[in-house]
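Printed here is protein_16.csv (CSV, N, CA and C atoms):
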chain,number,residue,atom,x,y,z
H,277,MET,N,-61.1,43.7,50.5
H,277,MET,CA,-59.9,44.2,50.8
H,277,MET,C,-58.7,43.2,50.4
H,278,ILE,N,-59.0,42.0,50.8
H,278,ILE,CA,-58.0,41.0,50.5
H,278,ILE,C,-57.9,40.8,48.9
H,279,THR,N,-59.0,40.8,48.3
H,279,THR,CA,-59.0,40.6,46.8
H,279,THR,C,-58.3,41.8,46.2
H,280,GLY,N,-58.5,43.0,46.7
H,280,GLY,CA,-57.8,44.2,46.1
H,280,GLY,C,-56.3,44.1,46.4
H,281,TRP,N,-56.0,43.6,47.6
H,281,TRP,CA,-54.6,43.5,48.0
H,281,TRP,C,-53.9,42.4,47.1
H,282,LEU,N,-54.6,41.3,46.9
H,282,LEU,CA,-54.1,40.2,46.1
H,282,LEU,C,-54.0,40.7,44.6
H,283,ALA,N,-54.9,41.4,44.1
H,283,ALA,CA,-54.9,41.9,42.8
H,283,ALA,C,-53.7,42.9,42.6
H,284,LYS,N,-53.4,43.7,43.7
H,284,LYS,CA,-52.3,44.6,43.6
H,284,LYS,C,-51.0,43.8,43.6
H,285,ILE,N,-50.9,42.7,44.3
H,285,ILE,CA,-49.6,42.0,44.4
H,285,ILE,C,-49.6,41.0,43.1
H,286,ALA,N,-50.7,40.5,42.7
H,286,ALA,CA,-50.7,39.5,41.6
H,286,ALA,C,-50.4,40.1,40.2
H,287,SER,N,-50.9,41.3,40.0
H,287,SER,CA,-50.7,41.9,38.7
H,287,SER,C,-49.3,42.1,38.3
H,288,PRO,N,-48.4,42.6,39.2
H,288,PRO,CA,-47.0,42.7,38.9
H,288,PRO,C,-46.3,41.3,38.7
H,289,LEU,N,-46.8,40.4,39.4
H,289,LEU,CA,-46.2,39.0,39.3
H,289,LEU,C,-46.7,38.4,37.9
H,290,ILE,N,-47.9,38.7,37.5
H,290,ILE,CA,-48.3,38.2,36.2
H,290,ILE,C,-47.6,38.8,35.1
H,291,VAL,N,-47.4,40.1,35.2
H,291,VAL,CA,-46.6,40.9,34.2
H,291,VAL,C,-45.2,40.3,34.2
H,292,ALA,N,-44.6,40.1,35.4
H,292,ALA,CA,-43.2,39.6,35.4
H,292,ALA,C,-43.1,38.2,34.9
H,293,ALA,N,-44.1,37.4,35.2
H,293,ALA,CA,-44.1,36.0,34.6
H,293,ALA,C,-44.3,36.1,33.1
H,294,ALA,N,-45.1,37.0,32.6
H,294,ALA,CA,-45.3,37.1,31.2
H,294,ALA,C,-44.0,37.6,30.5
H,295,LEU,N,-43.3,38.5,31.1
H,295,LEU,CA,-42.0,39.0,30.6
H,295,LEU,C,-40.9,37.8,30.6
H,296,VAL,N,-40.9,37.1,31.7
H,296,VAL,CA,-39.9,36.0,31.8
H,296,VAL,C,-40.3,34.9,30.7
H,297,THR,N,-41.5,34.6,30.6
H,297,THR,CA,-42.0,33.7,29.5
H,297,THR,C,-41.6,34.2,28.1
H,298,ALA,N,-41.8,35.5,27.9
H,298,ALA,CA,-41.5,36.0,26.6
H,298,ALA,C,-40.0,36.0,26.4
H,299,ALA,N,-39.2,36.3,27.4
H,299,ALA,CA,-37.7,36.3,27.3
H,299,ALA,C,-37.3,34.8,27.0
H,300,ALA,N,-37.9,33.9,27.7
H,300,ALA,CA,-37.5,32.5,27.5
H,300,ALA,C,-37.8,32.0,26.1
H,301,LEU,N,-39.0,32.4,25.6
H,301,LEU,CA,-39.4,32.1,24.3
H,301,LEU,C,-38.4,32.7,23.3
H,302,CYS,N,-38.1,34.0,23.5
H,302,CYS,CA,-37.1,34.6,22.5
H,302,CYS,C,-35.8,33.9,22.6
H,303,GLY,N,-35.3,33.6,23.8
H,303,GLY,CA,-34.0,32.8,23.9
H,303,GLY,C,-34.1,31.5,23.2
H,304,TRP,N,-35.2,30.8,23.4
H,304,TRP,CA,-35.3,29.5,22.8
H,304,TRP,C,-35.3,29.6,21.2
H,305,LEU,N,-36.0,30.6,20.7
H,305,LEU,CA,-36.0,30.8,19.3
H,305,LEU,C,-34.6,31.2,18.8
H,306,THR,N,-33.9,32.0,19.5
H,306,THR,CA,-32.6,32.4,19.2
H,306,THR,C,-31.7,31.2,19.1
H,307,LEU,N,-31.8,30.3,20.1
H,307,LEU,CA,-31.0,29.1,20.1
H,307,LEU,C,-31.3,28.2,18.9
H,308,ARG,N,-32.6,28.1,18.5
H,308,ARG,CA,-32.9,27.3,17.4
H,308,ARG,C,-32.3,27.9,16.1
H,309,VAL,N,-32.4,29.2,16.0
H,309,VAL,CA,-31.8,29.9,14.8
H,309,VAL,C,-30.3,29.6,14.7
H,310,LEU,N,-29.6,29.8,15.9
H,310,LEU,CA,-28.2,29.6,15.9
H,310,LEU,C,-27.8,28.1,15.6
H,311,ASP,N,-28.6,27.2,16.1
H,311,ASP,CA,-28.4,25.8,15.8
H,311,ASP,C,-28.5,25.5,14.3
H,312,SER,N,-29.5,26.1,13.7
H,312,SER,CA,-29.7,25.9,12.3
H,312,SER,C,-28.6,26.5,11.5
H,313,LEU,N,-28.1,27.7,11.9
H,313,LEU,CA,-26.9,28.3,11.3
H,313,LEU,C,-25.7,27.5,11.4
H,314,ILE,N,-25.5,26.9,12.6
H,314,ILE,CA,-24.3,26.1,12.8
H,314,ILE,C,-24.4,24.8,11.9
H,315,ASP,N,-25.6,24.2,11.8
H,315,ASP,CA,-25.8,23.0,11.0
H,315,ASP,C,-25.5,23.4,9.5
H,316,ASP,N,-26.0,24.5,9.1
H,316,ASP,CA,-25.7,24.9,7.7
H,316,ASP,C,-24.2,25.1,7.4
H,317,ALA,N,-23.6,25.8,8.4
H,317,ALA,CA,-22.1,26.1,8.2
H,317,ALA,C,-21.4,24.8,8.2
H,318,ARG,N,-21.8,23.8,9.0
H,318,ARG,CA,-21.1,22.5,9.1
H,318,ARG,C,-21.3,21.8,7.8
H,319,ALA,N,-22.5,21.8,7.3
H,319,ALA,CA,-22.8,21.1,6.0
H,319,ALA,C,-22.0,21.7,4.9
H,320,ASN,N,-21.9,23.0,4.8
H,320,ASN,CA,-21.2,23.7,3.8
H,320,ASN,C,-19.7,23.3,3.9
H,321,ALA,N,-19.2,23.3,5.1
H,321,ALA,CA,-17.7,23.0,5.3
H,321,ALA,C,-17.5,21.5,4.9
H,322,ILE,N,-18.4,20.6,5.2
H,322,ILE,CA,-18.2,19.2,4.8
H,322,ILE,C,-18.3,19.1,3.3
H,323,ALA,N,-19.2,19.8,2.7
H,323,ALA,CA,-19.3,19.8,1.2
H,323,ALA,C,-18.1,20.3,0.5
H,324,GLU,N,-17.5,21.4,1.1
H,324,GLU,CA,-16.3,22.0,0.5
H,324,GLU,C,-15.1,21.0,0.7
H,325,ARG,N,-15.0,20.4,1.8
H,325,ARG,CA,-13.9,19.4,2.1
H,325,ARG,C,-14.0,18.2,1.2
H,326,ASP,N,-15.3,17.7,1.0
H,326,ASP,CA,-15.5,16.6,0.1
H,326,ASP,C,-15.1,17.0,-1.3
H,327,ALA,N,-15.5,18.2,-1.8
H,327,ALA,CA,-15.2,18.6,-3.1
H,327,ALA,C,-13.7,18.7,-3.3
H,328,HIS,N,-13.0,19.3,-2.3
H,328,HIS,CA,-11.5,19.4,-2.3
H,328,HIS,C,-10.9,18.0,-2.5
H,329,TRP,N,-11.3,17.1,-1.6
H,329,TRP,CA,-10.6,15.8,-1.7
H,329,TRP,C,-11.0,15.0,-2.9
H,330,THR,N,-12.2,15.2,-3.4
H,330,THR,CA,-12.6,14.6,-4.7
H,330,THR,C,-11.7,15.1,-5.8
H,331,ALA,N,-11.5,16.4,-5.8
H,331,ALA,CA,-10.6,17.0,-6.9
H,331,ALA,C,-9.2,16.4,-6.7
H,332,GLU,N,-8.7,16.3,-5.5
H,332,GLU,CA,-7.3,15.8,-5.2
H,332,GLU,C,-7.2,14.3,-5.7
H,333,ILE,N,-8.2,13.5,-5.4
H,333,ILE,CA,-8.3,12.1,-5.9
H,333,ILE,C,-8.3,12.1,-7.4
H,334,GLN,N,-9.1,12.9,-8.0
H,334,GLN,CA,-9.1,12.9,-9.5
H,334,GLN,C,-7.8,13.3,-10.1
H,335,LYS,N,-7.1,14.3,-9.5
H,335,LYS,CA,-5.8,14.7,-9.9
H,335,LYS,C,-4.8,13.6,-9.8
H,336,SER,N,-4.8,12.9,-8.6
H,336,SER,CA,-3.9,11.8,-8.4
H,336,SER,C,-4.2,10.7,-9.4
H,337,GLU,N,-5.4,10.4,-9.6
H,337,GLU,CA,-5.8,9.3,-10.6
H,337,GLU,C,-5.3,9.6,-12.0
H,338,ALA,N,-5.4,10.9,-12.3
H,338,ALA,CA,-5.0,11.3,-13.7
H,338,ALA,C,-3.5,11.2,-13.8
H,339,ALA,N,-2.7,11.6,-12.7
H,339,ALA,CA,-1.3,11.4,-12.7
H,339,ALA,C,-0.9,10.0,-12.8
H,340,THR,N,-1.6,9.1,-12.1
H,340,THR,CA,-1.3,7.7,-12.1
H,340,THR,C,-1.5,7.1,-13.5
H,341,GLN,N,-2.7,7.5,-14.1
H,341,GLN,CA,-3.0,7.0,-15.4
H,341,GLN,C,-1.9,7.5,-16.4
H,342,LYS,N,-1.4,8.7,-16.3
H,342,LYS,CA,-0.4,9.2,-17.2
H,342,LYS,C,0.9,8.4,-17.0
H,343,GLN,N,1.2,8.1,-15.7
H,343,GLN,CA,2.5,7.4,-15.5
H,343,GLN,C,2.3,5.9,-16.0
H,344,ILE,N,1.2,5.3,-15.9
H,344,ILE,CA,1.0,4.0,-16.4
H,344,ILE,C,1.1,4.0,-17.9
H,345,ALA,N,0.5,5.0,-18.6
H,345,ALA,CA,0.6,5.1,-20.0
H,345,ALA,C,2.1,5.3,-20.5
H,346,GLU,N,2.8,6.1,-19.8
H,346,GLU,CA,4.2,6.3,-20.1
H,346,GLU,C,5.0,5.1,-19.9
H,347,THR,N,4.8,4.4,-18.8
H,347,THR,CA,5.5,3.1,-18.5
H,347,THR,C,5.2,2.1,-19.6
H,348,LEU,N,3.9,2.0,-20.0
H,348,LEU,CA,3.5,1.1,-21.0
H,348,LEU,C,4.2,1.4,-22.4
H,349,ARG,N,4.3,2.7,-22.7
H,349,ARG,CA,5.0,3.1,-23.9
H,349,ARG,C,6.5,2.7,-23.8
H,350,GLU,N,7.1,2.9,-22.7
H,350,GLU,CA,8.5,2.5,-22.5
H,350,GLU,C,8.7,1.0,-22.6
H,351,THR,N,7.8,0.3,-22.0
H,351,THR,CA,7.9,-1.2,-22.0
H,351,THR,C,7.7,-1.7,-23.5
H,352,MET,N,6.8,-1.1,-24.2
H,352,MET,CA,6.5,-1.6,-25.6
H,352,MET,C,7.8,-1.2,-26.4
H,353,ALA,N,8.4,-0.1,-26.2
H,353,ALA,CA,9.6,0.3,-27.0
H,353,ALA,C,10.7,-0.7,-26.7
H,354,ALA,N,10.9,-1.0,-25.4
H,354,ALA,CA,11.9,-2.0,-25.0
H,354,ALA,C,11.6,-3.3,-25.6
H,355,GLN,N,10.4,-3.7,-25.6
H,355,GLN,CA,10.0,-5.0,-26.1
H,355,GLN,C,10.3,-5.1,-27.6
H,356,ASP,N,10.0,-4.0,-28.3
H,356,ASP,CA,10.2,-3.9,-29.8
H,356,ASP,C,11.7,-4.0,-30.0
H,357,ALA,N,12.5,-3.3,-29.2
H,357,ALA,CA,14.0,-3.3,-29.4
H,357,ALA,C,14.5,-4.7,-29.2
H,358,ALA,N,14.0,-5.4,-28.1
H,358,ALA,CA,14.5,-6.7,-27.8
H,358,ALA,C,14.1,-7.7,-28.9
H,359,ARG,N,12.9,-7.6,-29.4
H,359,ARG,CA,12.4,-8.4,-30.5
H,359,ARG,C,13.3,-8.2,-31.7
H,360,ASP,N,13.7,-7.0,-32.0
H,360,ASP,CA,14.5,-6.7,-33.2
H,360,ASP,C,15.9,-7.4,-33.0
H,361,LYS,N,16.4,-7.3,-31.8
H,361,LYS,CA,17.8,-7.9,-31.5
H,361,LYS,C,17.7,-9.4,-31.6
H,362,VAL,N,16.6,-10.0,-31.1
H,362,VAL,CA,16.5,-11.4,-31.2
H,362,VAL,C,16.3,-11.9,-32.7
H,363,ALA,N,15.6,-11.1,-33.5
H,363,ALA,CA,15.4,-11.4,-34.9
H,363,ALA,C,16.8,-11.3,-35.6
H,364,ALA,N,17.5,-10.3,-35.3
H,364,ALA,CA,18.9,-10.1,-35.9
H,364,ALA,C,19.8,-11.2,-35.5
H,365,ALA,N,19.8,-11.6,-34.2
H,365,ALA,CA,20.6,-12.7,-33.8
H,365,ALA,C,20.2,-14.0,-34.5
H,366,GLU,N,18.9,-14.3,-34.6
H,366,GLU,CA,18.5,-15.5,-35.3
H,366,GLU,C,18.9,-15.5,-36.8
H,367,ALA,N,18.8,-14.3,-37.4
H,367,ALA,CA,19.2,-14.2,-38.8
H,367,ALA,C,20.7,-14.4,-39.0
H,368,ARG,N,21.4,-13.9,-38.0
H,368,ARG,CA,22.9,-14.1,-38.1
H,368,ARG,C,23.2,-15.6,-37.8
H,369,ALA,N,22.5,-16.2,-36.9
H,369,ALA,CA,22.8,-17.6,-36.7
H,369,ALA,C,22.4,-18.5,-37.9
H,370,ILE,N,21.3,-18.1,-38.6
H,370,ILE,CA,20.9,-18.9,-39.8
H,370,ILE,C,22.0,-18.6,-40.9
H,371,GLN,N,22.5,-17.4,-41.0
H,371,GLN,CA,23.5,-17.1,-42.0
H,371,GLN,C,24.8,-17.9,-41.7
H,372,LEU,N,25.2,-18.0,-40.4
H,372,LEU,CA,26.4,-18.7,-40.0
H,372,LEU,C,26.2,-20.2,-40.3
H,373,GLU,N,25.0,-20.7,-40.0
H,373,GLU,CA,24.8,-22.1,-40.3
H,373,GLU,C,24.9,-22.4,-41.8
H,374,THR,N,24.4,-21.5,-42.6
H,374,THR,CA,24.4,-21.6,-44.0
H,374,THR,C,25.9,-21.6,-44.5
H,375,GLU,N,26.6,-20.7,-44.0
H,375,GLU,CA,28.1,-20.6,-44.4
H,375,GLU,C,28.8,-21.8,-43.9
H,376,ASN,N,28.5,-22.3,-42.8
H,376,ASN,CA,29.2,-23.5,-42.2
H,376,ASN,C,28.8,-24.7,-43.1
H,377,ALA,N,27.6,-24.8,-43.5
H,377,ALA,CA,27.2,-26.0,-44.4
H,377,ALA,C,27.9,-25.9,-45.8
H,378,ALA,N,28.2,-24.6,-46.2
H,378,ALA,CA,28.8,-24.5,-47.5
H,378,ALA,C,30.3,-24.8,-47.5
H,379,LEU,N,30.9,-24.9,-46.3
H,379,LEU,CA,32.3,-25.2,-46.2
H,379,LEU,C,32.5,-26.7,-46.6
H,380,PRO,N,33.6,-27.0,-47.3
H,380,PRO,CA,33.9,-28.4,-47.6
H,380,PRO,C,34.3,-29.2,-46.4
H,381,ASN,N,33.9,-30.4,-46.4
H,381,ASN,CA,34.3,-31.3,-45.3
H,381,ASN,C,35.4,-32.1,-45.8
H,382,GLY,N,36.6,-31.6,-45.6
H,382,GLY,CA,37.8,-32.2,-46.2
H,382,GLY,C,38.4,-33.4,-45.3
H,383,GLY,N,37.6,-33.9,-44.4
H,383,GLY,CA,38.1,-35.0,-43.6
H,383,GLY,C,39.1,-34.5,-42.6
H,384,ALA,N,39.2,-33.2,-42.3
H,384,ALA,CA,40.2,-32.7,-41.3
H,384,ALA,C,39.7,-33.1,-39.9
H,385,CYS,N,40.6,-33.4,-39.1
H,385,CYS,CA,40.3,-33.7,-37.7
H,385,CYS,C,40.2,-32.4,-37.0
H,386,GLY,N,39.1,-32.2,-36.2
H,386,GLY,CA,38.9,-31.0,-35.5
H,386,GLY,C,38.4,-29.9,-36.3
H,387,LEU,N,38.7,-28.7,-35.9
H,387,LEU,CA,38.2,-27.5,-36.6
H,387,LEU,C,39.3,-27.0,-37.7
H,388,GLY,N,38.8,-26.7,-38.8
H,388,GLY,CA,39.7,-26.2,-39.8
H,388,GLY,C,39.7,-24.7,-39.7
H,389,ARG,N,40.6,-24.1,-40.4
H,389,ARG,CA,40.8,-22.6,-40.4
H,389,ARG,C,39.5,-21.9,-40.8
H,390,ASP,N,38.8,-22.3,-41.8
H,390,ASP,CA,37.6,-21.7,-42.3
H,390,ASP,C,36.5,-21.7,-41.2
H,391,ARG,N,36.4,-22.8,-40.5
H,391,ARG,CA,35.4,-23.0,-39.5
H,391,ARG,C,35.7,-22.1,-38.3
H,392,VAL,N,37.0,-22.0,-38.0
H,392,VAL,CA,37.4,-21.1,-36.9
H,392,VAL,C,37.0,-19.6,-37.2
H,393,ARG,N,37.3,-19.3,-38.5
H,393,ARG,CA,37.0,-17.9,-38.9
H,393,ARG,C,35.5,-17.6,-38.8
H,394,LEU,N,34.6,-18.7,-39.1
H,394,LEU,CA,33.2,-18.5,-38.9
H,394,LEU,C,32.8,-18.3,-37.5
H,395,LEU,N,33.5,-19.1,-36.6
H,395,LEU,CA,33.2,-18.9,-35.2
H,395,LEU,C,33.6,-17.6,-34.7
H,396,ASN,N,34.7,-17.0,-35.2
H,396,ASN,CA,35.1,-15.7,-34.7
H,396,ASN,C,34.2,-14.6,-35.2
H,397,LYS,N,33.4,-14.8,-36.3
H,397,LYS,CA,32.5,-13.8,-36.8
H,397,LYS,C,31.3,-13.7,-35.8
H,398,ARG,N,31.1,-14.7,-35.0
H,398,ARG,CA,29.9,-14.7,-34.2
H,398,ARG,C,30.0,-13.6,-33.3
Once more with this new file: its structure as structure tokens, please.
Amino acid sequence: MITGWLAKIASPLIVAAALVTAAALCGWLTLRVLDSLIDDARANAIAERDAHWTAEIQKSEAATQKQIAETLRETMAAQDAARDKVAAAEARAIQLETENAALPNGGACGLGRDRVRLLNKR
């Protein structure tokens, strides 16, 4: 009688324990799936953000390289213009020295009228 009575009480408890165990197992599996979904979503978001900032950096580097090239062109143009001005000034100085050497040295004290005119051409 006691065994029958224990069997009568134990069988619903065993069924209930089996249901609780099954529910716990299903809950645990659900949490694992959710965790893997969250990890995948996080990895995708990180990859998208990295791709975005990589593109931004490349765009910025391209703009910087373009600005450097433009500045270099402007610098070279200014350097060429300055070189041309220096060459013209040197040519003019050589021409003035040649004209000055061609003037007669008449023994005049100080600057003569012709030499003053050469200085005014400068």
Quick one: residues within 8 Å of stretch 369-381 of chain H, only C-alpha atoms counted, chain neighbours fewer than 4 positions away excluded, as a JSON list (two decimals) with N, CA and C atoms, keeping the file's coordinate frame?
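Result file around-v6.json:
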[["chain", "number", "residue", "atom", "x", "y", "z"],
["H", 365, "ALA", "N", 19.80, -11.60, -34.20],
["H", 365, "ALA", "CA", 20.60, -12.70, -33.80],
["H", 365, "ALA", "C", 20.20, -14.00, -34.50],
["H", 390, "ASP", "N", 38.80, -22.30, -41.80],
["H", 390, "ASP", "CA", 37.60, -21.70, -42.30],
["H", 390, "ASP", "C", 36.50, -21.70, -41.20],
["H", 391, "ARG", "N", 36.40, -22.80, -40.50],
["H", 391, "ARG", "CA", 35.40, -23.00, -39.50],
["H", 391, "ARG", "C", 35.70, -22.10, -38.30],
["H", 394, "LEU", "N", 34.60, -18.70, -39.10],
["H", 394, "LEU", "CA", 33.20, -18.50, -38.90],
["H", 394, "LEU", "C", 32.80, -18.30, -37.50],
["H", 398, "ARG", "N", 31.10, -14.70, -35.00],
["H", 398, "ARG", "CA", 29.90, -14.70, -34.20],
["H", 398, "ARG", "C", 30.00, -13.60, -33.30]]
Quick one: pull the distance between atom CA of H:His328 and atom CA of H:Asp311, Å, one decimal.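 If I compute the distance from atom CA of H:His328 to atom CA of H:Asp311, I get 25.6 Å.
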For stretch 347-359 of chain H, take all atoms listed in the file, fit an axis-aligned box around them, add 6 Å to each of the six sides, then output centre and edge lengths in Å rounded to one decimal, as JSON.
{"center_x": 9.0, "center_y": -2.0, "center_z": -25.1, "size_x": 23.0, "size_y": 24.8, "size_z": 25.2}
Mind pulling up the distance from atom C of H:Trp329 to atom CA of H:Ala317?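 Those two atoms sit 19.2 Å apart.
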Can you write stretch 346-370 of chain H from the block above with N, CA, C and O atoms, as an mmCIF file, in the first residue's frame?
data_model
loop_
_atom_site.group_PDB
_atom_site.id
_atom_site.type_symbol
_atom_site.label_atom_id
_atom_site.label_comp_id
_atom_site.auth_asym_id
_atom_site.auth_seq_id
_atom_site.Cartn_x
_atom_site.Cartn_y
_atom_site.Cartn_z
ATOM 1 N N GLU H 346 48.009 70.619 -55.308
ATOM 2 C CA GLU H 346 47.660 71.981 -55.730
ATOM 3 C C GLU H 346 48.633 72.995 -55.126
ATOM 4 O O GLU H 346 49.097 73.909 -55.810
ATOM 5 N N THR H 347 48.958 72.831 -53.871
ATOM 6 C CA THR H 347 49.911 73.731 -53.212
ATOM 7 C C THR H 347 51.284 73.616 -53.857
ATOM 8 O O THR H 347 51.973 74.625 -54.056
ATOM 9 N N LEU H 348 51.672 72.400 -54.205
ATOM 10 C CA LEU H 348 52.961 72.201 -54.867
ATOM 11 C C LEU H 348 52.978 72.884 -56.236
ATOM 12 O O LEU H 348 53.973 73.531 -56.600
ATOM 13 N N ARG H 349 51.875 72.767 -56.988
ATOM 14 C CA ARG H 349 51.809 73.450 -58.291
ATOM 15 C C ARG H 349 51.921 74.970 -58.113
ATOM 16 O O ARG H 349 52.644 75.638 -58.856
ATOM 17 N N GLU H 350 51.205 75.505 -57.125
ATOM 18 C CA GLU H 350 51.259 76.952 -56.882
ATOM 19 C C GLU H 350 52.667 77.378 -56.464
ATOM 20 O O GLU H 350 53.163 78.426 -56.894
ATOM 21 N N THR H 351 53.310 76.571 -55.627
ATOM 22 C CA THR H 351 54.664 76.890 -55.167
ATOM 23 C C THR H 351 55.643 76.869 -56.333
ATOM 24 O O THR H 351 56.504 77.765 -56.449
ATOM 25 N N MET H 352 55.511 75.865 -57.195
ATOM 26 C CA MET H 352 56.408 75.781 -58.343
ATOM 27 C C MET H 352 56.195 76.959 -59.300
ATOM 28 O O MET H 352 57.160 77.505 -59.852
ATOM 29 N N ALA H 353 54.927 77.363 -59.472
ATOM 30 C CA ALA H 353 54.643 78.503 -60.339
ATOM 31 C C ALA H 353 55.243 79.785 -59.744
ATOM 32 O O ALA H 353 55.849 80.601 -60.470
ATOM 33 N N ALA H 354 55.103 79.964 -58.426
ATOM 34 C CA ALA H 354 55.673 81.141 -57.775
ATOM 35 C C ALA H 354 57.197 81.104 -57.844
ATOM 36 O O ALA H 354 57.850 82.148 -58.056
ATOM 37 N N GLN H 355 57.765 79.920 -57.697
ATOM 38 C CA GLN H 355 59.211 79.782 -57.782
ATOM 39 C C GLN H 355 59.704 80.106 -59.194
ATOM 40 O O GLN H 355 60.721 80.798 -59.361
ATOM 41 N N ASP H 356 59.004 79.654 -60.209
ATOM 42 C CA ASP H 356 59.380 79.967 -61.592
ATOM 43 C C ASP H 356 59.289 81.470 -61.860
ATOM 44 O O ASP H 356 60.165 82.050 -62.505
ATOM 45 N N ALA H 357 58.219 82.091 -61.359
ATOM 46 C CA ALA H 357 58.053 83.535 -61.555
ATOM 47 C C ALA H 357 59.182 84.298 -60.850
ATOM 48 O O ALA H 357 59.747 85.254 -61.408
ATOM 49 N N ALA H 358 59.519 83.872 -59.637
ATOM 50 C CA ALA H 358 60.596 84.537 -58.907
ATOM 51 C C ALA H 358 61.933 84.340 -59.624
ATOM 52 O O ALA H 358 62.743 85.279 -59.727
ATOM 53 N N ARG H 359 62.171 83.148 -60.131
ATOM 54 C CA ARG H 359 63.410 82.876 -60.865
ATOM 55 C C ARG H 359 63.491 83.760 -62.110
ATOM 56 O O ARG H 359 64.567 84.302 -62.430
ATOM 57 N N ASP H 360 62.362 83.930 -62.806
ATOM 58 C CA ASP H 360 62.348 84.793 -64.000
ATOM 59 C C ASP H 360 62.643 86.251 -63.627
ATOM 60 O O ASP H 360 63.389 86.942 -64.330
ATOM 61 N N LYS H 361 62.078 86.716 -62.509
ATOM 62 C CA LYS H 361 62.324 88.094 -62.071
ATOM 63 C C LYS H 361 63.785 88.295 -61.694
ATOM 64 O O LYS H 361 64.387 89.317 -62.006
ATOM 65 N N VAL H 362 64.356 87.312 -61.002
ATOM 66 C CA VAL H 362 65.766 87.409 -60.618
ATOM 67 C C VAL H 362 66.647 87.415 -61.859
ATOM 68 O O VAL H 362 67.598 88.208 -61.973
ATOM 69 N N ALA H 363 66.335 86.564 -62.824
ATOM 70 C CA ALA H 363 67.125 86.523 -64.070
ATOM 71 C C ALA H 363 67.012 87.847 -64.815
ATOM 72 O O ALA H 363 68.016 88.361 -65.351
ATOM 73 N N ALA H 364 65.810 88.418 -64.853
ATOM 74 C CA ALA H 364 65.625 89.709 -65.537
ATOM 75 C C ALA H 364 66.401 90.810 -64.815
ATOM 76 O O ALA H 364 67.029 91.674 -65.463
ATOM 77 N N ALA H 365 66.375 90.799 -63.474
ATOM 78 C CA ALA H 365 67.108 91.818 -62.708
ATOM 79 C C ALA H 365 68.615 91.662 -62.917
ATOM 80 O O ALA H 365 69.345 92.665 -63.052
ATOM 81 N N GLU H 366 69.102 90.425 -62.951
ATOM 82 C CA GLU H 366 70.525 90.200 -63.190
ATOM 83 C C GLU H 366 70.923 90.651 -64.597
ATOM 84 O O GLU H 366 71.983 91.261 -64.791
ATOM 85 N N ALA H 367 70.065 90.357 -65.579
ATOM 86 C CA ALA H 367 70.353 90.789 -66.955
ATOM 87 C C ALA H 367 70.391 92.316 -67.037
ATOM 88 O O ALA H 367 71.261 92.901 -67.705
ATOM 89 N N ARG H 368 69.450 92.956 -66.344
ATOM 90 C CA ARG H 368 69.407 94.434 -66.342
ATOM 91 C C ARG H 368 70.641 95.001 -65.652
ATOM 92 O O ARG H 368 71.210 96.000 -66.109
ATOM 93 N N ALA H 369 71.068 94.356 -64.563
ATOM 94 C CA ALA H 369 72.266 94.838 -63.863
ATOM 95 C C ALA H 369 73.497 94.685 -64.751
ATOM 96 O O ALA H 369 74.355 95.585 -64.795
ATOM 97 N N ILE H 370 73.599 93.569 -65.475
ATOM 98 C CA ILE H 370 74.734 93.370 -66.385
ATOM 99 C C ILE H 370 74.709 94.414 -67.498
ATOM 100 O O ILE H 370 75.750 94.990 -67.866
#
